[in-house]
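Shown next: target38.pdb, containing PDB, C-alpha atoms.
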ATOM      1  CA  MET Q   1     -57.208 -47.334 129.235  1.00  0.00           C
ATOM      2  CA  ALA Q   2     -59.259 -45.527 126.632  1.00  0.00           C
ATOM      3  CA  GLU Q   3     -58.309 -45.755 122.990  1.00  0.00           C
ATOM      4  CA  GLY Q   4     -56.471 -42.667 121.754  1.00  0.00           C
ATOM      5  CA  LYS Q   5     -56.365 -41.007 118.366  1.00  0.00           C
ATOM      6  CA  ILE Q   6     -53.577 -43.119 116.815  1.00  0.00           C
ATOM      7  CA  PRO Q   7     -54.180 -46.854 116.201  1.00  0.00           C
ATOM      8  CA  ARG Q   8     -52.227 -49.145 118.553  1.00  0.00           C
ATOM      9  CA  SER Q   9     -50.556 -50.932 115.632  1.00  0.00           C
ATOM     10  CA  GLU Q  10     -49.201 -47.601 114.356  1.00  0.00           C
ATOM     11  CA  LEU Q  11     -47.936 -46.677 117.828  1.00  0.00           C
ATOM     12  CA  GLU Q  12     -46.180 -50.050 118.115  1.00  0.00           C
ATOM     13  CA  ALA Q  13     -44.502 -49.478 114.732  1.00  0.00           C
ATOM     14  CA  LEU Q  14     -43.497 -45.974 115.835  1.00  0.00           C
ATOM     15  CA  ALA Q  15     -42.027 -47.372 119.054  1.00  0.00           C
ATOM     16  CA  ARG Q  16     -39.911 -49.829 117.021  1.00  0.00           C
ATOM     17  CA  GLN Q  17     -38.789 -46.963 114.777  1.00  0.00           C
ATOM     18  CA  ALA Q  18     -37.990 -44.862 117.862  1.00  0.00           C
ATOM     19  CA  TYR Q  19     -35.945 -47.662 119.397  1.00  0.00           C
ATOM     20  CA  ASP Q  20     -33.949 -48.079 116.192  1.00  0.00           C
ATOM     21  CA  TRP Q  21     -33.441 -44.296 116.030  1.00  0.00           C
ATOM     22  CA  LEU Q  22     -32.165 -44.225 119.612  1.00  0.00           C
ATOM     23  CA  LYS Q  23     -29.672 -47.013 118.885  1.00  0.00           C
ATOM     24  CA  LYS Q  24     -28.283 -45.091 115.895  1.00  0.00           C
ATOM     25  CA  ARG Q  25     -28.250 -41.744 117.730  1.00  0.00           C
ATOM     26  CA  ARG Q  26     -25.515 -42.771 120.195  1.00  0.00           C
ATOM     27  CA  SER Q  27     -25.811 -39.579 122.209  1.00  0.00           C
ATOM     28  CA  LYS Q  28     -25.263 -39.397 125.944  1.00  0.00           C
ATOM     29  CA  ARG Q  29     -27.535 -36.359 126.177  1.00  0.00           C
ATOM     30  CA  GLU Q  30     -30.931 -36.539 127.815  1.00  0.00           C
ATOM     31  CA  ILE Q  31     -34.069 -36.895 125.742  1.00  0.00           C
ATOM     32  CA  SER Q  32     -37.678 -37.623 126.646  1.00  0.00           C
ATOM     33  CA  VAL Q  33     -40.011 -40.148 125.060  1.00  0.00           C
ATOM     34  CA  PHE Q  34     -42.089 -37.216 123.808  1.00  0.00           C
ATOM     35  CA  GLU Q  35     -39.024 -35.661 122.130  1.00  0.00           C
ATOM     36  CA  VAL Q  36     -38.150 -39.000 120.529  1.00  0.00           C
ATOM     37  CA  LEU Q  37     -41.644 -39.173 119.038  1.00  0.00           C
ATOM     38  CA  MET Q  38     -41.285 -35.610 117.763  1.00  0.00           C
ATOM     39  CA  LYS Q  39     -37.977 -36.476 116.073  1.00  0.00           C
ATOM     40  CA  ILE Q  40     -39.157 -39.614 114.314  1.00  0.00           C
ATOM     41  CA  LYS Q  41     -42.449 -38.052 113.196  1.00  0.00           C
ATOM     42  CA  GLY Q  42     -40.790 -34.776 112.166  1.00  0.00           C
ATOM     43  CA  TYR Q  43     -43.030 -32.711 114.432  1.00  0.00           C
ATOM     44  CA  LYS Q  44     -42.110 -29.141 115.367  1.00  0.00           C
ATOM     45  CA  TRP Q  45     -43.398 -27.290 118.428  1.00  0.00           C
ATOM     46  CA  GLY Q  46     -46.774 -25.795 117.573  1.00  0.00           C
ATOM     47  CA  ASP Q  47     -47.681 -28.351 114.871  1.00  0.00           C
ATOM     48  CA  LYS Q  48     -51.385 -29.130 114.759  1.00  0.00           C
ATOM     49  CA  GLU Q  49     -50.755 -32.907 114.824  1.00  0.00           C
ATOM     50  CA  LEU Q  50     -48.650 -32.516 117.942  1.00  0.00           C
ATOM     51  CA  LYS Q  51     -51.374 -30.565 119.717  1.00  0.00           C
ATOM     52  CA  GLU Q  52     -53.928 -33.256 118.836  1.00  0.00           C
ATOM     53  CA  LEU Q  53     -52.006 -36.126 120.434  1.00  0.00           C
ATOM     54  CA  LYS Q  54     -53.875 -37.734 123.291  1.00  0.00           C
ATOM     55  CA  ASP Q  55     -52.306 -38.721 126.604  1.00  0.00           C
ATOM     56  CA  GLU Q  56     -53.501 -42.280 125.970  1.00  0.00           C
ATOM     57  CA  ASP Q  57     -51.406 -42.399 122.785  1.00  0.00           C
ATOM     58  CA  LEU Q  58     -48.345 -40.993 124.503  1.00  0.00           C
ATOM     59  CA  PHE Q  59     -48.638 -43.379 127.462  1.00  0.00           C
ATOM     60  CA  PHE Q  60     -49.037 -46.374 125.148  1.00  0.00           C
ATOM     61  CA  PHE Q  61     -46.099 -45.253 122.985  1.00  0.00           C
ATOM     62  CA  GLU Q  62     -43.942 -44.758 126.087  1.00  0.00           C
ATOM     63  CA  ASP Q  63     -44.878 -48.135 127.576  1.00  0.00           C
ATOM     64  CA  THR Q  64     -44.224 -49.920 124.289  1.00  0.00           C
ATOM     65  CA  LEU Q  65     -40.860 -48.238 123.733  1.00  0.00           C
ATOM     66  CA  LEU Q  66     -39.642 -48.867 127.279  1.00  0.00           C
ATOM     67  CA  GLU Q  67     -40.785 -52.505 127.103  1.00  0.00           C
ATOM     68  CA  MET Q  68     -38.796 -52.973 123.881  1.00  0.00           C
ATOM     69  CA  ILE Q  69     -35.693 -51.529 125.515  1.00  0.00           C
ATOM     70  CA  GLU Q  70     -36.125 -53.773 128.543  1.00  0.00           C
ATOM     71  CA  GLU Q  71     -36.883 -56.928 126.561  1.00  0.00           C
ATOM     72  CA  GLU Q  72     -33.887 -56.588 124.248  1.00  0.00           C
ATOM     73  CA  ASN Q  73     -31.702 -56.181 127.345  1.00  0.00           C
ATOM     74  CA  GLU Q  74     -28.839 -54.458 125.482  1.00  0.00           C
ATOM     75  CA  TYR Q  75     -29.629 -50.829 126.320  1.00  0.00           C
ATOM     76  CA  VAL Q  76     -31.203 -48.975 129.199  1.00  0.00           C
ATOM     77  CA  ALA Q  77     -33.334 -45.849 129.447  1.00  0.00           C
ATOM     78  CA  ASP Q  78     -31.708 -44.276 132.500  1.00  0.00           C
ATOM     79  CA  PHE Q  79     -34.145 -42.007 134.343  1.00  0.00           C
ATOM     80  CA  SER Q  80     -32.043 -41.951 137.533  1.00  0.00           C
ATOM     81  CA  ALA Q  81     -31.266 -38.214 137.369  1.00  0.00           C
ATOM     82  CA  TYR Q  82     -34.962 -37.545 138.041  1.00  0.00           C
ATOM     83  CA  GLU Q  83     -35.674 -40.390 140.462  1.00  0.00           C
ATOM     84  CA  ASN Q  84     -38.144 -39.438 143.224  1.00  0.00           C
ATOM     85  CA  GLN Q  85     -38.847 -36.077 141.599  1.00  0.00           C
ATOM     86  CA  CYS Q  86     -42.114 -34.747 140.238  1.00  0.00           C
ATOM     87  CA  VAL Q  87     -41.080 -33.245 136.905  1.00  0.00           C
ATOM     88  CA  GLY Q  88     -44.097 -33.703 134.644  1.00  0.00           C
ATOM     89  CA  MET Q  89     -45.892 -36.356 132.674  1.00  0.00           C
ATOM     90  CA  PRO Q  90     -43.951 -39.637 132.476  1.00  0.00           C
ATOM     91  CA  TYR Q  91     -43.447 -39.316 128.714  1.00  0.00           C
ATOM     92  CA  SER Q  92     -41.811 -35.906 129.186  1.00  0.00           C
ATOM     93  CA  ILE Q  93     -39.223 -36.965 131.792  1.00  0.00           C
ATOM     94  CA  PRO Q  94     -35.713 -36.903 130.287  1.00  0.00           C
ATOM     95  CA  PHE Q  95     -33.604 -40.048 130.251  1.00  0.00           C
ATOM     96  CA  VAL Q  96     -30.194 -41.078 128.995  1.00  0.00           C
ATOM     97  CA  PHE Q  97     -30.260 -43.933 126.503  1.00  0.00           C
ATOM     98  CA  ARG Q  98     -27.094 -45.969 126.897  1.00  0.00           C
ATOM     99  CA  LYS Q  99     -25.596 -49.428 126.596  1.00  0.00           C
ATOM    100  CA  LYS Q 100     -26.366 -51.632 129.558  1.00  0.00           C
ATOM    101  CA  ALA Q 101     -23.447 -51.862 131.973  1.00  0.00           C
TER
END

Since I need it in another form, could you write the structure as structure tokens?
Amino acid sequence: MAEGKIPRSELEALARQAYDWLKKRRSKREISVFEVLMKIKGYKWGDKELKELKDEDLFFFEDTLLEMIEEENEYVADFSAYENQCVGMPYSIPFVFRKKA
């Protein structure tokens, strides 16, 4: 995969921050990985920085965040409401972040 605009080390730190934010959020409402990144970075729709993000960065951020969730094994990112559907880029598919059953 090609290198994106944001350094991998920064994306890994952002994924850790996103995971911590999700654990504190405690909401049962759907959110996408892209929306989580927007929240922790303080982006608003139309921001120049948001428009400049590369797919490579978003895919890496998503992979890193989901791996953290899986490895800790306490929470789950539940994408089941959209299983077998084509709803957009993987980082924009909504999920419910919840305690593992």

Any chance you could work out the residue set of the PyMOL selection byres ((chain Q and resi 54) around 12) here, as a list in words?
Met1, Ala2, Glu3, Gly4, Lys5, Ile6, Pro7, Phe34, Glu49, Leu50, Lys51, Glu52, Leu53, Asp55, Glu56, Asp57, Leu58, Phe59, Phe60, Phe61 and Tyr91 of chain Q

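Take atom CA of Q:Lys99 and atom CA of Q:Asn73: the distance between them is 9.1 Å.
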
Please return, as an MDAnalysis selection string, all polymer residues that have at least one atom within 12 Å of the point (-28.4, -40.9, 130.3); use only C-alpha atoms and the file's own coordinate frame.
chainID Q and resid 22 26:32 75:82 93:100

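What separates atom CA of Q:Trp45 from atom CA of Q:Ile69 is a distance of 26.4 Å.
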
Using the file's own x, y and z axes, so that the box edges lie along x, y and z, what centre and edge lengths in Å (one decimal) does a box around every listed atom of stretch 65-80 of chain Q get when 5 Å is added on each side? Give it as JSON.
{"center_x": -34.8, "center_y": -49.4, "center_z": 130.6, "size_x": 22.0, "size_y": 25.0, "size_z": 23.8}

May I ask for the distance between atom CA of Q:Leu65 and atom CA of Q:Arg16, given in Å to one decimal place?
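Answer for the atom CA of Q:Leu65 to atom CA of Q:Arg16 separation: 7.0 Å.
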
All residues 10 Å or closer to Q:Leu14, all atoms listed in the file, same chain fewer than 6 positions away omitted, as a list in words:
Arg8, Asp20, Val36, Leu37, Ile40, Lys41, Phe61, Thr64 and Leu65 of chain Q

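Of the residues listed (Q:Ala18, Q:Lys23, Q:Pro90, Q:Leu11), Q:Ala18 shows the shortest atom-to-atom separation from Q:Lys39; distances use all atoms listed in the file.
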
Of the residues Q:Glu10, Q:Val33, Q:Ala15, Q:Glu83, which is the one nearest to Q:Met68, using all atoms listed in the file?
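With all atoms listed in the file as the atom set, the closest residue is Q:Ala15.
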